[in-house]
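K.L.:
Take a look at data.txt, compact mmCIF, C-alpha atoms:
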# COMPACT_ATOMS: atom_id res chain seq x y z
CA MET W 1238 0.00 0.00 0.00
CA GLN W 1239 1.30 3.42 -0.95
CA GLN W 1240 1.70 6.03 1.75
CA SER W 1241 -0.52 8.31 -0.30
CA ALA W 1242 -3.42 5.88 -0.65
CA PRO W 1243 -6.79 7.67 -0.32
CA THR W 1244 -8.28 7.11 3.12
CA ILE W 1245 -11.76 5.71 3.78
CA TYR W 1246 -13.62 6.03 7.08
CA LEU W 1247 -15.33 2.71 7.83
CA ALA W 1248 -18.58 3.39 9.69
CA GLY W 1249 -20.90 0.62 10.84
CA PRO W 1250 -22.46 -1.26 13.74
CA GLU W 1251 -19.83 -4.03 13.51
CA VAL W 1252 -17.86 -2.07 16.12
CA PHE W 1253 -20.28 -3.68 18.62
CA LEU W 1254 -19.51 -7.30 17.63
CA PRO W 1255 -17.47 -9.51 19.96
CA ASP W 1256 -14.99 -9.84 17.05
CA ALA W 1257 -15.15 -6.14 16.15
CA VAL W 1258 -11.37 -5.75 15.96
CA ALA W 1259 -11.01 -8.74 13.60
CA ILE W 1260 -13.79 -7.43 11.32
CA GLY W 1261 -12.11 -4.04 11.27
CA GLN W 1262 -8.86 -5.73 10.29
CA ARG W 1263 -10.59 -7.56 7.41
CA LYS W 1264 -12.16 -4.30 6.23
CA LYS W 1265 -8.77 -2.58 6.31
CA GLU W 1266 -7.19 -5.46 4.34
CA LEU W 1267 -9.92 -5.20 1.69
CA CYS W 1268 -9.32 -1.44 1.51
CA ALA W 1269 -5.61 -2.04 0.94
CA ALA W 1270 -6.40 -4.57 -1.81
CA TYR W 1271 -8.31 -1.85 -3.66
CA GLY W 1272 -5.65 0.81 -3.17
CA PHE W 1273 -7.16 2.53 -0.15
CA GLN W 1274 -6.24 2.99 3.49
CA GLY W 1275 -9.11 2.07 5.78
CA LEU W 1276 -9.71 4.10 8.95
CA TYR W 1277 -11.70 2.05 11.46
CA PRO W 1278 -13.52 3.68 14.42
CA PHE W 1279 -11.68 3.74 17.72
CA ASP W 1280 -14.51 2.29 19.82
CA ASN W 1281 -12.52 -0.80 20.76
CA GLU W 1282 -9.09 0.72 21.09
CA VAL W 1283 -9.65 3.40 23.70
CA ALA W 1284 -8.87 2.28 27.25
CA PRO W 1285 -9.32 4.30 30.44
CA ASN W 1286 -6.28 6.49 30.98
CA ALA W 1287 -4.79 8.58 33.71
CA SER W 1288 -5.97 11.87 32.19
CA GLY W 1289 -9.41 11.39 33.70
CA GLU W 1290 -11.02 12.19 30.35
CA PRO W 1291 -14.06 9.95 29.94
CA VAL W 1292 -13.71 7.03 27.50
CA ASP W 1293 -16.80 8.03 25.52
CA ALA W 1294 -15.47 11.57 25.00
CA ARG W 1295 -12.15 10.17 23.80
CA ILE W 1296 -13.82 7.75 21.36
CA TYR W 1297 -15.96 10.58 19.98
CA ARG W 1298 -12.98 12.86 19.43
CA ALA W 1299 -10.84 10.09 17.94
CA ASN W 1300 -13.62 9.10 15.50
CA LEU W 1301 -14.26 12.70 14.46
CA GLN W 1302 -10.55 13.17 13.81
CA LEU W 1303 -10.50 10.03 11.65
CA ILE W 1304 -13.50 11.29 9.65
CA GLN W 1305 -11.85 14.67 9.15
CA ARG W 1306 -8.71 12.90 7.90
CA ALA W 1307 -10.67 10.62 5.56
CA ASP W 1308 -11.03 11.29 1.84
CA LEU W 1309 -14.13 9.08 1.62
CA GLY W 1310 -16.56 7.19 3.80
CA ILE W 1311 -18.22 3.79 3.44
CA VAL W 1312 -21.16 3.39 5.81
CA ASN W 1313 -22.78 0.09 6.77
CA LEU W 1314 -26.49 0.89 6.97
CA THR W 1315 -27.67 -2.62 7.90
CA PRO W 1316 -30.59 -2.19 10.34
CA PHE W 1317 -29.63 -2.29 14.00
CA ARG W 1318 -31.95 -2.75 17.02
CA GLY W 1319 -35.06 -1.87 15.07
CA PRO W 1320 -36.09 -1.03 11.51
CA SER W 1321 -33.39 1.58 10.85
CA ALA W 1322 -29.60 1.84 10.69
CA ASP W 1323 -27.34 2.30 13.73
CA VAL W 1324 -27.63 5.90 14.93
CA GLY W 1325 -23.88 6.16 15.54
CA THR W 1326 -23.26 5.28 11.90
CA VAL W 1327 -25.98 7.68 10.75
CA PHE W 1328 -24.49 10.50 12.82
CA GLU W 1329 -21.17 9.85 11.09
CA LEU W 1330 -22.88 9.82 7.67
CA GLY W 1331 -24.37 13.26 8.41
CA PHE W 1332 -20.99 14.51 9.58
CA LEU W 1333 -19.28 13.14 6.43
CA ILE W 1334 -21.87 14.88 4.23
CA GLY W 1335 -21.51 18.11 6.24
CA LEU W 1336 -17.77 18.02 5.55
CA GLY W 1337 -18.41 17.39 1.84
CA LYS W 1338 -16.72 13.97 1.78
CA ILE W 1339 -17.46 11.35 -0.92
CA VAL W 1340 -19.68 8.69 0.64
CA PHE W 1341 -20.80 5.15 -0.25
CA GLY W 1342 -23.26 3.02 1.70
CA TYR W 1343 -24.58 -0.53 1.83
CA THR W 1344 -27.11 -2.60 3.71
CA ASN W 1345 -27.28 -6.36 4.17
CA ASP W 1346 -31.09 -6.22 4.47
CA PRO W 1347 -33.01 -6.39 1.18
CA ARG W 1348 -36.25 -4.78 2.38
CA ASP W 1349 -37.70 -1.28 2.11
CA LEU W 1350 -38.02 0.64 5.39
CA ILE W 1351 -41.83 0.32 5.27
CA GLU W 1352 -41.67 -3.49 5.03
CA ARG W 1353 -39.48 -3.68 8.13
CA VAL W 1354 -41.68 -1.29 10.11
CA LYS W 1355 -44.70 -3.43 9.21
CA GLN W 1356 -42.92 -6.51 10.55
CA PHE W 1357 -41.56 -4.75 13.61
CA ASP W 1358 -44.69 -2.83 14.61
CA ARG W 1359 -48.48 -2.89 14.61
CA THR W 1360 -49.27 -0.64 11.66
CA SER W 1361 -52.46 0.76 10.18
CA PHE W 1362 -53.49 2.53 7.01
CA ASP W 1363 -54.64 6.15 7.29
CA PRO W 1364 -57.22 6.46 4.49
CA GLU W 1365 -57.46 10.25 4.81
CA ARG W 1366 -53.77 10.93 4.23
CA GLU W 1367 -53.32 7.72 2.22
CA LEU W 1368 -50.30 6.49 4.14
CA TRP W 1369 -49.32 3.88 6.70
CA ARG W 1370 -48.84 4.70 10.37
CA ASP W 1371 -46.91 2.85 13.08
CA VAL W 1372 -48.21 1.96 16.55
CA ASP W 1373 -47.59 5.55 17.74
CA GLY W 1374 -49.53 7.00 14.81
CA MET W 1375 -46.31 8.17 13.15
CA ALA W 1376 -46.35 8.22 9.35
CA ILE W 1377 -44.13 5.60 7.71
CA GLU W 1378 -42.22 6.92 4.72
CA ASP W 1379 -43.07 4.96 1.57
CA PHE W 1380 -40.64 6.12 -1.10
CA GLY W 1381 -39.21 2.67 -1.83
CA ASN W 1382 -36.15 3.61 0.20
CA ALA W 1383 -33.98 1.34 2.32
CA ASP W 1384 -34.28 3.73 5.29
CA ASN W 1385 -35.31 7.27 6.24
CA LEU W 1386 -35.23 9.51 3.16
CA MET W 1387 -32.41 11.65 4.57
CA ILE W 1388 -30.15 8.59 4.49
CA ASP W 1389 -31.09 7.29 1.05
CA GLN W 1390 -31.06 10.74 -0.48
CA ALA W 1391 -27.68 11.63 1.00
CA LEU W 1392 -26.27 8.76 -1.05
CA ASN W 1393 -28.45 9.42 -4.10
CA GLU W 1394 -27.30 13.05 -4.20
CA ALA W 1395 -23.70 11.81 -4.07
CA ARG W 1396 -24.62 9.63 -7.11
CA ASN W 1397 -23.75 6.56 -5.09
CA PRO W 1398 -27.17 5.05 -4.24
CA ILE W 1399 -27.23 2.65 -1.28
CA VAL W 1400 -26.06 -0.82 -2.34
CA ARG W 1401 -28.72 -3.22 -1.08
CA THR W 1402 -28.46 -6.99 -0.85
CA HIS W 1403 -30.91 -9.04 -2.94
CA ASN W 1404 -31.13 -11.86 -0.41
CA GLN W 1405 -31.16 -11.64 3.37
CA SER W 1406 -27.60 -12.26 4.53
CA SER W 1407 -27.08 -15.20 6.91
CA ASP W 1408 -24.57 -13.17 8.93
CA LYS W 1409 -25.71 -9.62 8.29
CA TYR W 1410 -23.17 -7.83 10.50
CA ARG W 1411 -20.14 -9.73 9.18
CA ASP W 1412 -20.96 -10.17 5.48
CA LEU W 1413 -18.53 -7.92 3.60
CA SER W 1414 -19.60 -8.69 0.01
CA LEU W 1415 -21.45 -5.37 -0.41
CA PHE W 1416 -18.67 -3.54 1.39
CA GLU W 1417 -16.44 -4.84 -1.39
CA VAL W 1418 -18.95 -3.62 -4.00
CA CYS W 1419 -18.62 -0.15 -2.44
CA LEU W 1420 -14.84 -0.40 -2.58
CA ARG W 1421 -15.07 -1.22 -6.28
CA MET W 1422 -17.39 1.75 -6.85
CA ALA W 1423 -14.95 3.97 -4.94
CA ALA W 1424 -11.99 2.66 -6.89
CA THR W 1425 -13.78 3.28 -10.19
CA LYS W 1426 -14.76 6.75 -9.07
CA LEU W 1427 -11.23 7.59 -8.09
CA ARG W 1428 -9.83 5.78 -11.13
CA ILE W 1429 -7.41 3.83 -9.06
CA LYS W 1430 -5.66 0.97 -10.76
CA GLN W 1431 -7.10 -1.94 -8.88
CA ALA W 1432 -4.71 -4.36 -7.29
CA VAL W 1433 -7.41 -7.03 -7.18
CA MET G 775 -39.99 39.16 15.48
CA GLN G 776 -37.05 41.02 14.01
CA GLN G 777 -35.97 40.24 10.48
CA SER G 778 -32.49 39.56 11.84
CA ALA G 779 -33.56 37.04 14.47
CA PRO G 780 -31.10 34.12 14.67
CA THR G 781 -32.49 31.05 12.93
CA ILE G 782 -32.88 27.61 14.51
CA TYR G 783 -33.35 24.37 12.57
CA LEU G 784 -35.98 22.27 14.34
CA ALA G 785 -35.13 18.59 13.89
CA GLY G 786 -37.26 15.80 15.35
CA PRO G 787 -39.56 12.85 14.68
CA GLU G 788 -42.67 15.02 15.19
CA VAL G 789 -42.63 15.55 11.40
CA PHE G 790 -44.28 12.09 11.27
CA LEU G 791 -47.22 12.97 13.55
CA PRO G 792 -50.71 13.40 12.04
CA ASP G 793 -50.59 16.95 13.46
CA ALA G 794 -46.99 17.57 12.35
CA VAL G 795 -47.75 20.95 10.78
CA ALA G 796 -49.48 22.22 13.94
CA ILE G 797 -46.59 21.05 16.16
CA GLY G 798 -44.17 22.80 13.81
CA GLN G 799 -46.25 25.96 14.10
CA ARG G 800 -46.12 25.77 17.92
CA LYS G 801 -42.36 25.26 17.83
CA LYS G 802 -41.96 28.26 15.54
CA GLU G 803 -44.13 30.40 17.84
CA LEU G 804 -42.01 29.39 20.84
CA CYS G 805 -38.87 30.27 18.86
CA ALA G 806 -40.32 33.72 18.11
CA ALA G 807 -41.16 34.25 21.80
CA TYR G 808 -37.47 33.72 22.62
CA GLY G 809 -36.22 35.99 19.85
CA PHE G 810 -35.47 33.30 17.28
CA GLN G 811 -36.83 32.30 13.89
CA GLY G 812 -37.65 28.60 13.74
CA LEU G 813 -36.98 26.65 10.54
CA TYR G 814 -39.13 23.52 10.43
CA PRO G 815 -38.34 20.59 8.09
CA PHE G 816 -40.18 20.53 4.79
CA ASP G 817 -41.38 16.92 5.04
CA ASN G 818 -45.04 17.92 5.09
CA GLU G 819 -44.94 20.82 2.69
CA VAL G 820 -43.52 19.25 -0.43
CA ALA G 821 -46.15 18.06 -2.90
CA PRO G 822 -45.57 16.21 -6.17
CA ASN G 823 -44.84 18.73 -8.91
CA ALA G 824 -44.59 18.79 -12.65
CA SER G 825 -40.79 18.80 -12.65
CA GLY G 826 -40.73 15.06 -12.19
CA GLU G 827 -38.20 15.41 -9.40
CA PRO G 828 -39.00 12.82 -6.71
CA VAL G 829 -40.66 14.13 -3.53
CA ASP G 830 -38.03 12.54 -1.26
CA ALA G 831 -35.19 14.22 -3.17
CA ARG G 832 -36.95 17.58 -2.90
CA ILE G 833 -37.54 17.17 0.86
CA TYR G 834 -33.87 16.24 1.35
CA ARG G 835 -32.61 19.27 -0.57
CA ALA G 836 -35.06 21.64 1.12
CA ASN G 837 -34.08 20.38 4.60
CA LEU G 838 -30.36 20.64 3.85
CA GLN G 839 -30.83 24.20 2.62
CA LEU G 840 -32.70 25.09 5.82
CA ILE G 841 -29.89 23.60 7.92
CA GLN G 842 -27.28 25.52 5.96
CA ARG G 843 -29.27 28.73 6.54
CA ALA G 844 -29.69 28.04 10.26
CA ASP G 845 -27.51 29.65 12.93
CA LEU G 846 -28.38 26.92 15.44
CA GLY G 847 -30.12 23.57 15.69
CA ILE G 848 -32.39 22.07 18.34
CA VAL G 849 -32.76 18.31 17.90
CA ASN G 850 -35.50 16.19 19.47
CA LEU G 851 -33.73 12.93 20.40
CA THR G 852 -36.77 11.20 21.93
CA PRO G 853 -36.48 7.48 21.01
CA PHE G 854 -38.34 6.47 17.87
CA ARG G 855 -39.21 2.91 16.72
CA GLY G 856 -36.68 1.29 19.02
CA PRO G 857 -34.23 2.23 21.74
CA SER G 858 -32.56 5.10 19.86
CA ALA G 859 -33.45 8.46 18.33
CA ASP G 860 -34.98 8.93 14.87
CA VAL G 861 -32.25 8.35 12.25
CA GLY G 862 -33.44 11.30 10.15
CA THR G 863 -32.93 13.59 13.15
CA VAL G 864 -29.56 12.01 13.91
CA PHE G 865 -28.42 12.48 10.30
CA GLU G 866 -29.32 16.16 10.64
CA LEU G 867 -27.45 16.39 13.96
CA GLY G 868 -24.32 15.00 12.27
CA PHE G 869 -24.75 17.44 9.38
CA LEU G 870 -25.20 20.38 11.79
CA ILE G 871 -22.01 19.38 13.65
CA GLY G 872 -20.15 18.94 10.36
CA LEU G 873 -21.11 22.49 9.41
CA GLY G 874 -19.97 23.76 12.83
CA LYS G 875 -23.42 24.98 13.92
CA ILE G 876 -24.37 25.49 17.58
CA VAL G 877 -26.60 22.59 18.61
CA PHE G 878 -28.93 21.80 21.52
CA GLY G 879 -30.79 18.54 22.09
CA TYR G 880 -33.50 17.07 24.29
CA THR G 881 -35.24 13.77 24.91
CA ASN G 882 -38.61 13.10 26.50
CA ASP G 883 -37.43 9.69 27.72
CA PRO G 884 -35.67 9.67 31.11
CA ARG G 885 -33.74 6.40 30.68
CA ASP G 886 -30.17 5.57 29.73
CA LEU G 887 -29.73 3.78 26.38
CA ILE G 888 -28.78 0.54 28.15
CA GLU G 889 -32.01 0.50 30.18
CA ARG G 890 -34.08 0.83 27.02
CA VAL G 891 -32.14 -1.88 25.17
CA LYS G 892 -32.69 -4.21 28.15
CA GLN G 893 -36.45 -3.59 27.96
CA PHE G 894 -36.56 -3.80 24.17
CA ASP G 895 -34.36 -6.86 23.71
CA ARG G 896 -33.22 -10.13 25.26
CA THR G 897 -29.85 -9.15 26.70
CA SER G 898 -27.06 -11.07 28.42
CA PHE G 899 -23.94 -10.22 30.38
CA ASP G 900 -20.58 -11.07 28.80
CA PRO G 901 -18.38 -11.88 31.83
CA GLU G 902 -15.17 -11.94 29.79
CA ARG G 903 -15.51 -8.41 28.40
CA GLU G 904 -17.60 -7.27 31.38
CA LEU G 905 -20.36 -5.72 29.32
CA TRP G 906 -23.95 -6.38 28.26
CA ARG G 907 -24.86 -7.73 24.83
CA ASP G 908 -28.14 -7.58 22.92
CA VAL G 909 -29.90 -10.50 21.23
CA ASP G 910 -27.48 -10.28 18.26
CA GLY G 911 -24.45 -10.37 20.57
CA MET G 912 -23.78 -6.68 19.94
CA ALA G 913 -22.19 -4.80 22.87
CA ILE G 914 -24.49 -2.27 24.55
CA GLU G 915 -22.74 0.98 25.42
CA ASP G 916 -22.90 1.67 29.14
CA PHE G 917 -21.59 5.19 29.65
CA GLY G 918 -24.72 6.54 31.37
CA ASN G 919 -25.67 8.22 28.10
CA ALA G 920 -29.15 8.86 26.74
CA ASP G 921 -28.20 7.28 23.40
CA ASN G 922 -25.20 6.19 21.30
CA LEU G 923 -22.07 7.99 22.50
CA MET G 924 -21.66 9.88 19.23
CA ILE G 925 -24.97 11.63 19.92
CA ASP G 926 -24.42 12.44 23.59
CA GLN G 927 -20.83 13.51 23.02
CA ALA G 928 -21.72 15.75 20.08
CA LEU G 929 -23.81 17.77 22.53
CA ASN G 930 -21.34 17.48 25.41
CA GLU G 931 -18.53 18.78 23.21
CA ALA G 932 -20.76 21.73 22.28
CA ARG G 933 -21.13 22.28 26.07
CA ASN G 934 -24.87 21.79 25.72
CA PRO G 935 -25.45 18.30 27.18
CA ILE G 936 -28.69 16.59 26.15
CA VAL G 937 -31.61 17.86 28.22
CA ARG G 938 -33.34 14.76 29.53
CA THR G 939 -36.77 14.56 31.13
CA HIS G 940 -36.95 13.35 34.75
CA ASN G 941 -40.31 11.65 34.30
CA GLN G 942 -41.62 9.74 31.30
CA SER G 943 -43.73 12.17 29.32
CA SER G 944 -47.39 11.22 28.75
CA ASP G 945 -47.23 12.53 25.18
CA LYS G 946 -43.56 12.13 24.35
CA TYR G 947 -43.69 13.35 20.74
CA ARG G 948 -45.73 16.48 21.49
CA ASP G 949 -44.37 17.59 24.88
CA LEU G 950 -42.45 20.81 24.21
CA SER G 951 -41.33 21.62 27.77
CA LEU G 952 -37.74 20.51 27.16
CA PHE G 953 -37.75 22.13 23.75
CA GLU G 954 -38.44 25.35 25.65
CA VAL G 955 -35.56 24.60 28.05
CA CYS G 956 -33.30 24.35 24.98
CA LEU G 957 -34.64 27.67 23.68
CA ARG G 958 -33.78 29.28 27.05
CA MET G 959 -30.28 27.78 26.90
CA ALA G 960 -29.88 29.09 23.35
CA ALA G 961 -31.15 32.55 24.32
CA THR G 962 -28.74 32.69 27.25
CA LYS G 963 -25.89 31.55 25.05
CA LEU G 964 -26.66 34.16 22.45
CA ARG G 965 -27.44 36.78 25.13
CA ILE G 966 -30.71 37.65 23.54
CA LYS G 967 -33.00 39.84 25.57
CA GLN G 968 -35.84 37.47 26.17
CA ALA G 969 -39.32 38.57 25.19
CA VAL G 970 -40.82 36.02 27.59
Show how you would write the structure in this file as C-alpha cells.
P.N.:
Amino acid sequence: MQQSAPTIYLAGPEVFLPDAVAIGQRKKELCAAYGFQGLYPFDNEVAPNASGEPVDARIYRANLQLIQRADLGIVNLTPFRGPSADVGTVFELGFLIGLGKIVFGYTNDPRDLIERVKQFDRTSFDPERELWRDVDGMAIEDFGNADNLMIDQALNEARNPIVRTHNQSSDKYRDLSLFEVCLRMAATKLRIKQAV
Amino acid sequence: MQQSAPTIYLAGPEVFLPDAVAIGQRKKELCAAYGFQGLYPFDNEVAPNASGEPVDARIYRANLQLIQRADLGIVNLTPFRGPSADVGTVFELGFLIGLGKIVFGYTNDPRDLIERVKQFDRTSFDPERELWRDVDGMAIEDFGNADNLMIDQALNEARNPIVRTHNQSSDKYRDLSLFEVCLRMAATKLRIKQAV
C-alpha cells in the first residue's frame, strides 16, 4: 500500500460485535487490496487512561478526527436494534456529508423501510392521508427507500445510491460482500488501478 | 420578530405525527417568543410537482438548505421505533455538527440507552468483556448516556449536554417543555433579551 493511498472512514455497527477488531482488520485489508487505506472507528481501542477524560469523549474525538482525515466514507447501513440503521453510523454519515466527503453506503437487508416497520410494529393505514402509520400514529415513509429519506437521499445526491443486498444475509453484520462492491465503486470513481 | 432574528433548525420525529404541521407551528411560535426564527423541516410541505423530481429528493434538498441557513439547531432525540433516536434527526445532527453549527438537544425519555435496550431486547452479560450484549451479541454501550455515545458527546462537546426529562412524558412526541428549556439555553448563550 502506498503512503498516499486515499483514506476511507469505515462506519458501521460491527464495532459492537465480539470480534469487532477482527472485522475491522478484514475491512482494512480489503481497503488495501483496492488501493485505499481504511480508517476504522476507535470504539474498541480506547482504554481508560490517567488523564481522567471519559472514555466516551475520547472515542468521539478520535472518531471525528479520523473522519476529518478521511477522503471518503463507506457506511454500513444494515438495520440495528429496530427497523433503521445504527444511529452512531448515521451521525457519522451526516458529519461526512456536512464536511463534503465522498460517501458510499450498503445494507445487508433487502427490504424497504416500510416493510421492516410493518414486521416490527403494529401498523395501520390512514385512508385520509393515504399512508401507513406505526403503533404511535407516526407516518411511515413509503418512497421505496432502504431507510429514512435523509439517508437514502444523501447517497443518491452523491450519485452513489445505497447498495442493497438481494437476499437476506445469513450473517448480516459480518458479510462484507457489499462492502467490497462499495470499494469497487470507490476505486472506479477515483480511477485507481485496482490491485485485485 | 425582528428580520435579523437568529435562525434555529428544528429537527425531530414530530414531522411524522398526524398533526406535524401544527406542532411545527407551535415550535416556531415558541422560537419567536425567545427571539429566534424557527426553521421547520419541509417533510409535510412538499407536494408532487410537474418537474418530475421525486418528492423525497426535494424534501432532502429543502431540509439541507434550511440547515445551511440556520444559525443553530435544536434536535429532538426522543427514542423512535426502538431504543434510539430517529435516524433522520440524527443524520441532521451530524450534518449540523459537520457544518460547525451550535446545537442543543433534548429527549422526553428519562432512561439511559442501556435501560431501554434491556427492555426492548433479550440481553445477556458477557463476563469476559464485562459488558452487556443484545440478542445479536452486539455490545451495549454503558456510559450513562441517553443514546449512542456519538450523539451524547456531540452535545457534550458543544457544552450543551442533552436535556433529559426526569419523568416519562405522557405525550412524548408532542411535549415541548424541554424544547423550551433548549430555547432558554440558546437565548442565554446568544445573550438575547428574552421577550418572555
K.L.:
Determine, for each residue of chain W having at least one atom at most 6 Å from an atom of chain G, the closest pair of atoms and their separation in Å to one decimal, counting all atoms listed in the file; order by chain and ascending number, as JSON lines.
P.N.:
{"residue": "W:Phe1253", "atom": "CA", "partner": "G:Ala913", "partner_atom": "CA", "distance": 4.8}
{"residue": "W:Leu1254", "atom": "CA", "partner": "G:Met912", "partner_atom": "CA", "distance": 4.9}
{"residue": "W:Tyr1297", "atom": "CA", "partner": "G:Met924", "partner_atom": "CA", "distance": 5.8}
{"residue": "W:Gly1319", "atom": "CA", "partner": "G:Gly856", "partner_atom": "CA", "distance": 5.3}
{"residue": "W:Val1324", "atom": "CA", "partner": "G:Val861", "partner_atom": "CA", "distance": 5.9}
{"residue": "W:Gly1325", "atom": "CA", "partner": "G:Met924", "partner_atom": "CA", "distance": 5.7}
{"residue": "W:Val1327", "atom": "CA", "partner": "G:Phe865", "partner_atom": "CA", "distance": 5.4}
{"residue": "W:Phe1328", "atom": "CA", "partner": "G:Gly868", "partner_atom": "CA", "distance": 4.5}
{"residue": "W:Gly1331", "atom": "CA", "partner": "G:Gly868", "partner_atom": "CA", "distance": 4.2}
{"residue": "W:Phe1332", "atom": "CA", "partner": "G:Gly868", "partner_atom": "CA", "distance": 4.3}
{"residue": "W:Gly1335", "atom": "CA", "partner": "G:Gly872", "partner_atom": "CA", "distance": 4.4}
{"residue": "W:Leu1336", "atom": "CA", "partner": "G:Gly872", "partner_atom": "CA", "distance": 5.4}
{"residue": "W:Met1375", "atom": "CA", "partner": "G:Phe790", "partner_atom": "CA", "distance": 4.8}
{"residue": "W:Ala1376", "atom": "CA", "partner": "G:Phe790", "partner_atom": "CA", "distance": 4.8}
{"residue": "W:Asn1385", "atom": "CA", "partner": "G:Gly862", "partner_atom": "CA", "distance": 5.9}
{"residue": "W:Met1387", "atom": "CA", "partner": "G:Gly862", "partner_atom": "CA", "distance": 5.7}
K.L.:
Those residues with C-alpha atoms, as a short mmCIF file (atom, residue, chain, number, x, y, z; two decimals), keeping the file's coordinate frame please?
P.N.:
data_model
loop_
_atom_site.label_atom_id
_atom_site.label_comp_id
_atom_site.auth_asym_id
_atom_site.auth_seq_id
_atom_site.Cartn_x
_atom_site.Cartn_y
_atom_site.Cartn_z
CA PHE W 1253 -20.28 -3.68 18.62
CA LEU W 1254 -19.51 -7.30 17.63
CA TYR W 1297 -15.96 10.58 19.98
CA GLY W 1319 -35.06 -1.87 15.07
CA VAL W 1324 -27.63 5.90 14.93
CA GLY W 1325 -23.88 6.16 15.54
CA VAL W 1327 -25.98 7.68 10.75
CA PHE W 1328 -24.49 10.50 12.82
CA GLY W 1331 -24.37 13.26 8.41
CA PHE W 1332 -20.99 14.51 9.58
CA GLY W 1335 -21.51 18.11 6.24
CA LEU W 1336 -17.77 18.02 5.55
CA MET W 1375 -46.31 8.17 13.15
CA ALA W 1376 -46.35 8.22 9.35
CA ASN W 1385 -35.31 7.27 6.24
CA MET W 1387 -32.41 11.65 4.57
#
K.L.:
Which residues, written as a PyMOL selection string, have at least one atom at most 6 Å from Gln811 in chain G, with only C-alpha atoms counted and residues fewer than 4 positions away on the same chain left out?
P.N.:
chain G and resi 779+781+805-806
K.L.:
With only C-alpha atoms as the atoms that count, which of G:Leu887, G:Ala807, G:Ala960, G:Val795 lies nearest to Glu819 in chain G?
P.N.:
G:Val795
K.L.:
By how many Å are CA of Ile1311 in chain W and CA of Tyr1246 in chain W apart?
P.N.:
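Atom-to-atom, CA of Ile1311 in chain W and CA of Tyr1246 in chain W are spaced 6.3 Å apart.
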K.L.:
Between CA of Pro935 in chain G and CA of Met959 in chain G, measure the distance and give it in Å to one decimal.
P.N.:
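Spanning CA of Pro935 in chain G to CA of Met959 in chain G is a straight-line distance of 10.6 Å.
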K.L.:
Please compute the CA of Ile1339 in chain W-CA of Asn1397 in chain W distance, one decimal, in Å.
P.N.:
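Interatomic distance here is 8.9 Å.
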K.L.:
I'd like the neighbourhood of Lys1426 in chain W as an MDAnalysis selection string, where a residue qualifies if any of its atoms comes within 12 Å (using only C-alpha atoms), though same-chain residues fewer than 6 positions away should be ignored.
P.N.:
chainID W and resid 1243 1309 1339:1341 1395:1397 1419:1420
K.L.:
Restricting the calculation to only C-alpha atoms: of G:Ile888, G:Leu813, G:Leu851, G:Ala920, which residue gets closest to Leu905 in chain G?
P.N.:
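Checking each candidate against Leu905 in chain G, we get G:Ile888 as the closest.
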K.L.:
N, CA and C atoms are what I want for range 1375-1388 of chain W; can you complete it accordingly and write them as a PDB file, in the frame of the given file?
P.N.:
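Output file result-v1.pdb follows:
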ATOM      1  N   MET W1375     -47.298   7.441  13.954  1.00  0.00           N
ATOM      2  CA  MET W1375     -46.310   8.170  13.150  1.00  0.00           C
ATOM      3  C   MET W1375     -46.319   7.661  11.722  1.00  0.00           C
ATOM      4  N   ALA W1376     -46.363   8.583  10.765  1.00  0.00           N
ATOM      5  CA  ALA W1376     -46.350   8.220   9.350  1.00  0.00           C
ATOM      6  C   ALA W1376     -45.096   7.421   9.014  1.00  0.00           C
ATOM      7  N   ILE W1377     -45.280   6.403   8.181  1.00  0.00           N
ATOM      8  CA  ILE W1377     -44.130   5.600   7.710  1.00  0.00           C
ATOM      9  C   ILE W1377     -43.833   6.031   6.288  1.00  0.00           C
ATOM     10  N   GLU W1378     -42.622   6.503   6.066  1.00  0.00           N
ATOM     11  CA  GLU W1378     -42.220   6.920   4.720  1.00  0.00           C
ATOM     12  C   GLU W1378     -42.361   5.744   3.761  1.00  0.00           C
ATOM     13  N   ASP W1379     -42.855   6.022   2.564  1.00  0.00           N
ATOM     14  CA  ASP W1379     -43.070   4.960   1.570  1.00  0.00           C
ATOM     15  C   ASP W1379     -42.563   5.419   0.204  1.00  0.00           C
ATOM     16  N   PHE W1380     -41.263   5.650   0.141  1.00  0.00           N
ATOM     17  CA  PHE W1380     -40.640   6.120  -1.100  1.00  0.00           C
ATOM     18  C   PHE W1380     -39.848   5.000  -1.788  1.00  0.00           C
ATOM     19  N   GLY W1381     -40.010   3.763  -1.280  1.00  0.00           N
ATOM     20  CA  GLY W1381     -39.210   2.670  -1.830  1.00  0.00           C
ATOM     21  C   GLY W1381     -37.761   2.724  -1.379  1.00  0.00           C
ATOM     22  N   ASN W1382     -37.519   3.470  -0.294  1.00  0.00           N
ATOM     23  CA  ASN W1382     -36.150   3.610   0.200  1.00  0.00           C
ATOM     24  C   ASN W1382     -35.782   2.500   1.179  1.00  0.00           C
ATOM     25  N   ALA W1383     -34.476   2.318   1.361  1.00  0.00           N
ATOM     26  CA  ALA W1383     -33.980   1.340   2.320  1.00  0.00           C
ATOM     27  C   ALA W1383     -34.158   1.838   3.761  1.00  0.00           C
ATOM     28  N   ASP W1384     -34.164   3.164   3.934  1.00  0.00           N
ATOM     29  CA  ASP W1384     -34.280   3.730   5.290  1.00  0.00           C
ATOM     30  C   ASP W1384     -34.897   5.123   5.171  1.00  0.00           C
ATOM     31  N   ASN W1385     -34.849   5.878   6.239  1.00  0.00           N
ATOM     32  CA  ASN W1385     -35.310   7.270   6.240  1.00  0.00           C
ATOM     33  C   ASN W1385     -34.782   8.006   5.012  1.00  0.00           C
ATOM     34  N   LEU W1386     -35.610   8.860   4.429  1.00  0.00           N
ATOM     35  CA  LEU W1386     -35.230   9.510   3.160  1.00  0.00           C
ATOM     36  C   LEU W1386     -33.937  10.309   3.257  1.00  0.00           C
ATOM     37  N   MET W1387     -33.633  10.852   4.437  1.00  0.00           N
ATOM     38  CA  MET W1387     -32.410  11.650   4.570  1.00  0.00           C
ATOM     39  C   MET W1387     -31.176  10.782   4.299  1.00  0.00           C
ATOM     40  N   ILE W1388     -31.262   9.512   4.691  1.00  0.00           N
ATOM     41  CA  ILE W1388     -30.150   8.590   4.490  1.00  0.00           C
ATOM     42  C   ILE W1388     -30.033   8.200   3.015  1.00  0.00           C
TER      43      ILE W1388
END
